[in-house]
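Engineer: This structure is in structure tokens; I'll ask about it shortly.
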Amino acid sequence: ALKLKPDYPEAKENFYRVANWLVERWHFLMLNDRRRNHKYQQAIQKAVEGGCNTVLDIGTGTGILGMCAKKAGAAEVYACELSKTMYELACEVVTANGMNGLIKILHMKSLEMEVPKDIPKRVSLVVTETVDAGLFGEGIIESLIHAWNHLLLPPQDPSRPPSQAGRVIPAGATVFGMAVQCLEIRRHHRLCVSEIGGLATAAAGELHSPVSCSSEDDSTEPYTTERLSRLPGGYTPLTEPFNALDIDFNNVQELEGLCSREVSRVRLPVTGEGLLDALAVWFQLHLDQQSSLSTGPKEDTCWEQAIYPVQTPHSRIIYIRHVQPGDELIVEISCRDAYLRLCSVAVARDGREFQLCSALACLGTEQSSGPRDYTMLECAEMALLNNQPYHDSFRRALAKLITNLKDARSVQGPSQGQGLEVMPLTDPPSGPMDPGPDPFYVLDVSEGFSVLSLMAASQGQVKAYSSVEKTQHQAVLRRLARANGVPEEALEFWLNQVEDEQAVLQRPSREKLWSAIILDCVETCGLVRQKLMEKATLARCLLEDGGQIFPERIVLYGMLVESDTLLLESAVQGQEPTLGFNIAPFINQFTVPVHVFLDLSTLQCRHLSDSVELFILDLMNTNANYTNRDVKVQASASGRVTAVPFWYQIHLNEEISLSTFNQDSHWKQAAVVLHQPLAVREGDWVRLANGKSITMTM
Ligand SMILES: CCc1ccncc1CNCCCCSC[C@H]1O[C@@H](n2ccc3c(N)ncnc32)[C@H](O)[C@@H]1O
């Protein structure tokens with residue numbers, strides 16, 4: 001589609017989504033990390049000069065480590081890469097750097113490689129950086145066990161010359177952990193509020209995010225990742241960093257023993273007072289005896305840390321999770337199924353131990369007894385639930401609308417049917433029950449878990465339709481309804497009755513129209529949802545007189561910033577960071593101009609302008625939109641504009657609006673990163689021409 005109509009916005013947006021998916025953002029960070037590249041190059045050079053002259057690069061990515069080995073003088077260099085996109089890219093890069101035919105690149109996973117099928121004989125050196133923030137997440141343990149058993153010469157020992165011995169770079173790793181208090185982490189993993197939008201939340205029961213060490217079901221992952229140094233609101237260390245694990249990649253017995261190693265327990269003196277929200281984990285990668293790379297929160301490293309949220313039964317959360325100096329935190333460390341698992345199992349105080357989570361559960365040894373006693377919400381759904389201003393704004397806007405409609409009715413009497421024949425989705429209540437005043441019909445088409453329909457139903461005289469689909473989530477809403485005195489029949493689940501989303505926007509019953517339709521406009525990542533305007537246009541036709549869609553208007557704001565951080569995450573900055581190898585033009589094909597999931601409040605950047613209104617999406621009458629309005633922005637300081645971050649003011653009605661850029665917001669922000677930074681002097685005017693997705697022409 002892009003070739004046919006290059007400026008077709010939808011296709012462009014989809015291409016960027018695909019590019020984002022094909023090549024992970026860390027490739028840019030890694031290749032721009034000149035220190036990391038230089039350290040690997042030094043270690044490889046030393047090994048090759050020390051006699052390792054046959055090399056295998058596992059997970060070559062763009063091929064940079066393989067090329068280091070070749071350049072260091074290795075006789076034979078092999079590389080393997082499991083991603084097709086990266087494999088093809090590595091072939092181009094190696095050729096462009098004059099090493100075509102000198103490095104044999106295989107499109108396969110190292111575990112499938114055999115001697116002599118894929119490489120003629122065992123190699124004396126394996127180099128790899130197949131690690132993620134939790135160290136083992138890219139399968140390095142499994143890869144190295146296989147490499148030692150099938151691809152590497154036997155390890156160094158005095159009886160053999162170095163050229164006949166095998167070794168690995170990195171030589172090993174030291175894993176550190178630290179207990180932290182951090183509100184930003186807490187609000188993504190547990191319910192922190194006892195009331196939202198006028199609804200008491202206790203009846204919701206246990207709510208957990210899908211990040212947990214203890215539960216067996218595969219819908220969870222043991223850890224999530226965060227850049228601790230960039231989290232809004234920061235974090236408070238509750239213990240000193242502790243050594244969680246040491247691993248020697250040159251000792252295959254140790255590698256094989258890792259997964260069967262019994263669980264180790266550490267007792268950590270609590271050194272700070274606060275709520276125990278999570279364990280943060282990072283590591284030092286020892287490339288060889290002399291040099292190492294660290295992913296710690298204090299380093300000015302670009303890497304994230306692994307985060308193990310403390311999942312404690314809500315009932316016991318308060319007095320146990322609040323720790324203070326003098327307490328001891330007991331943590332279990334295990335490597336079940338090749339993932340590093342850390343679990344805070346108990347707090348020791350005055351000689352007694354208070355369990356945080358059932359120790360057995362931490363090991364997943366106890367079979368999950370019966371249906372789990374909690375409900376799983378995505379992290380973004382949990383953060384939304386904790387966003388009180390969001391729910392209060394909706395509650396006030398809904399109340400205002402219902403009041404206006406009641407007043408209008410008392411003036412003109414009950415609204416007559418429009419007489420239009422439509423496919424009835426739910427017949428109005430029939431039978432002896434007193435018809436009472438006609439209810440107001442409210443439809444919530446939010447994505448994912450949303451309590452807005454229940455908030456509408458709790459206004460009274462409202463029949464609310466929720467688009468919540470999962471039975472577990474519907475059960476939570478029903479429990480909340482009962483606990484908050486909302487009659488059962490005031491809340492219906494819509495998607496169970498209709499086959500497709502299009503039908504969702506049909507009329508509630510034979511002759512009724514909707515009083516309000518709640519749309520979900522902005523994705524958590526910071527972008528407007530696709531097809532929003534089409535949905536709004538359809539929804540508007542289904543409103544009764546005086547009815548409203550929420551929000552009625554979205555205003556997009558942006559500003560000019562100078563941010564090296566965003567540049568380093570978006571494109572390789574020339575040949576210098578990549579040891580002089582010509583890699584940038586190849587990997588930069590996958591640069592995407594729009595960066596999402598940003599925490600703009602903590603992004604290192606210089607503001608080069610005030611925030612300005614970029615464009616308006618008027619959902620109540622689409623033809624009022626300025627789709628390609630030009631905006632002029634005046635530079636408030638001199639510098640290089642590298643990006644235009646943007647966010648939204650969501651207007652529910654004339655008086656009530658909420659921003660997607662504030663500390664309670666569950667939304668992250670997005671930014672357009674310029675292809676070429678633009679030098680500006682204070683006072684310069686910059687023209688931002690924006691189409692559907694903001695493009696920058698200056
Ligand atoms: C301080 C390092 C650091 C710390 C914290 N966070 C990130 C980093 C940076 N490292 C990220 C690399 C992570 C991705 S691994 C790099 C490339 O290797 C490929 N692969 C992975 C396993 C594998 C295999 N067995 N056989 C062949 N290919 C394999 C992947 O397809 C990927 O393209």
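Every chain in the structure tokens takes a letter, A first, then B, and so on in the order presented; its residues are numbered from 1, and the ligands are numbered from 1 following the presented order.
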Once you count only C-alpha atoms and all ligand atoms, which residues end up within 8 Å of ligand 1, and could you hand them over as a ChimeraX atom specification?
Structural biologist: /A:26-27,29-30,36,58-62,80-83,86,107-111,128-135,138-140,142-143,285,293-295,303-305
Engineer: Find the residues near region 380-394 of chain A: any atom within 9 Å, counting only C-alpha atoms, skip ones fewer than 4 places away on the same chain, and give them as JSON, numbers by chain.
Structural biologist: {"A": [184, 186, 187, 188, 189, 190, 191, 192, 193, 195, 196, 197, 198, 207, 208, 209, 398, 399, 448, 449, 450, 451, 452, 455, 456, 524, 550, 652, 656, 657, 658, 664, 665, 666, 667]}
Engineer: Export C-alpha atoms of the chosen residues as a short mmCIF file (atom, residue, chain, number, x, y, z; two decimals), in the first residue's frame?
Structural biologist:
data_model
loop_
_atom_site.label_atom_id
_atom_site.label_comp_id
_atom_site.auth_asym_id
_atom_site.auth_seq_id
_atom_site.Cartn_x
_atom_site.Cartn_y
_atom_site.Cartn_z
CA GLU A 184 4.55 3.52 39.46
CA ARG A 186 2.55 -0.76 42.34
CA ARG A 187 -0.22 0.83 40.33
CA HIS A 188 0.51 -1.45 37.37
CA HIS A 189 0.37 -4.62 39.44
CA ARG A 190 -2.19 -4.25 42.20
CA LEU A 191 -5.32 -2.34 43.08
CA CYS A 192 -4.25 0.65 45.17
CA VAL A 193 -7.58 2.44 45.63
CA GLU A 195 -13.02 3.56 45.77
CA ILE A 196 -13.30 4.58 42.12
CA GLY A 197 -15.93 6.81 40.56
CA GLY A 198 -18.13 6.43 43.61
CA LEU A 207 -6.78 -8.59 41.34
CA HIS A 208 -3.35 -9.57 39.97
CA SER A 209 -1.29 -8.51 37.00
CA LEU A 398 -22.24 11.08 33.13
CA ALA A 399 -24.18 12.56 36.06
CA GLY A 448 -10.46 -4.33 27.92
CA PHE A 449 -11.67 -4.12 31.50
CA SER A 450 -13.69 -0.96 32.23
CA VAL A 451 -15.99 -0.05 35.10
CA LEU A 452 -17.50 2.98 33.28
CA MET A 455 -20.56 3.81 37.08
CA ALA A 456 -23.29 4.81 34.63
CA THR A 524 -2.06 3.11 26.48
CA PHE A 550 -17.82 10.57 25.43
CA LEU A 652 -15.84 14.82 28.15
CA ILE A 656 -14.72 18.41 32.23
CA SER A 657 -11.54 17.23 30.54
CA LEU A 658 -8.52 15.08 31.43
CA ASP A 664 -2.06 9.63 37.57
CA SER A 665 -2.46 8.83 33.91
CA HIS A 666 -2.34 5.17 32.89
CA TRP A 667 -1.45 6.45 29.44
#
Engineer: Hey, which of A:Asp684, A:Glu256, A:Glu273, A:Glu569 ends up closest to Ala338 (chain A)? Count only C-alpha atoms.
Structural biologist: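 Using only C-alpha atoms, Ala338 (chain A) sits closest to A:Glu256.
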Engineer: Neighbours of Asp599 (chain A) within 9 Å (only C-alpha atoms; same-chain residues fewer than 6 positions away dropped), as JSON, numbers by chain?
Structural biologist: {"A": [230, 231, 232, 661, 668, 669, 670]}
Engineer: As a ChimeraX atom specification, please: the residues near region 636-651 of chain A (cut-off 7 Å, only C-alpha atoms, same-chain neighbours under 2 positions excluded).
Structural biologist: /A:526,551-563,608-609,634,653,656-661,669-674,677-683
Engineer: Under the rule of at most 9 Å, produce a per-residue listing of region 333-354 of chain A near region 213-229 of chain A: chain, number, name, the closest pair of atoms, and the distance in Å, as JSON lines, using only C-alpha atoms.
Structural biologist:
{"residue": "A:Tyr339", "atom": "CA", "partner": "A:Pro222", "partner_atom": "CA", "distance": 7.5}
{"residue": "A:Leu340", "atom": "CA", "partner": "A:Pro222", "partner_atom": "CA", "distance": 7.9}
{"residue": "A:Arg341", "atom": "CA", "partner": "A:Cys213", "partner_atom": "CA", "distance": 6.1}
{"residue": "A:Leu342", "atom": "CA", "partner": "A:Cys213", "partner_atom": "CA", "distance": 7.1}
{"residue": "A:Cys343", "atom": "CA", "partner": "A:Cys213", "partner_atom": "CA", "distance": 6.5}
Engineer: Between A:Gly51, A:Pro437, A:Pro309, A:Pro325, which has the minimum distance to Ser163 (chain A) (counting only C-alpha atoms)?
Structural biologist: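 Among the listed residues, A:Gly51 lies closest to Ser163 (chain A).
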Engineer: Identify which of the residues A:Leu567, A:Ala47, A:Ile587, A:Val445 lies closest to Tyr87 (chain A), counting only C-alpha atoms when measuring atom-to-atom distances.
Structural biologist: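 Nearest candidate to Tyr87 (chain A) out of A:Leu567, A:Ala47, A:Ile587, A:Val445: A:Ile587.
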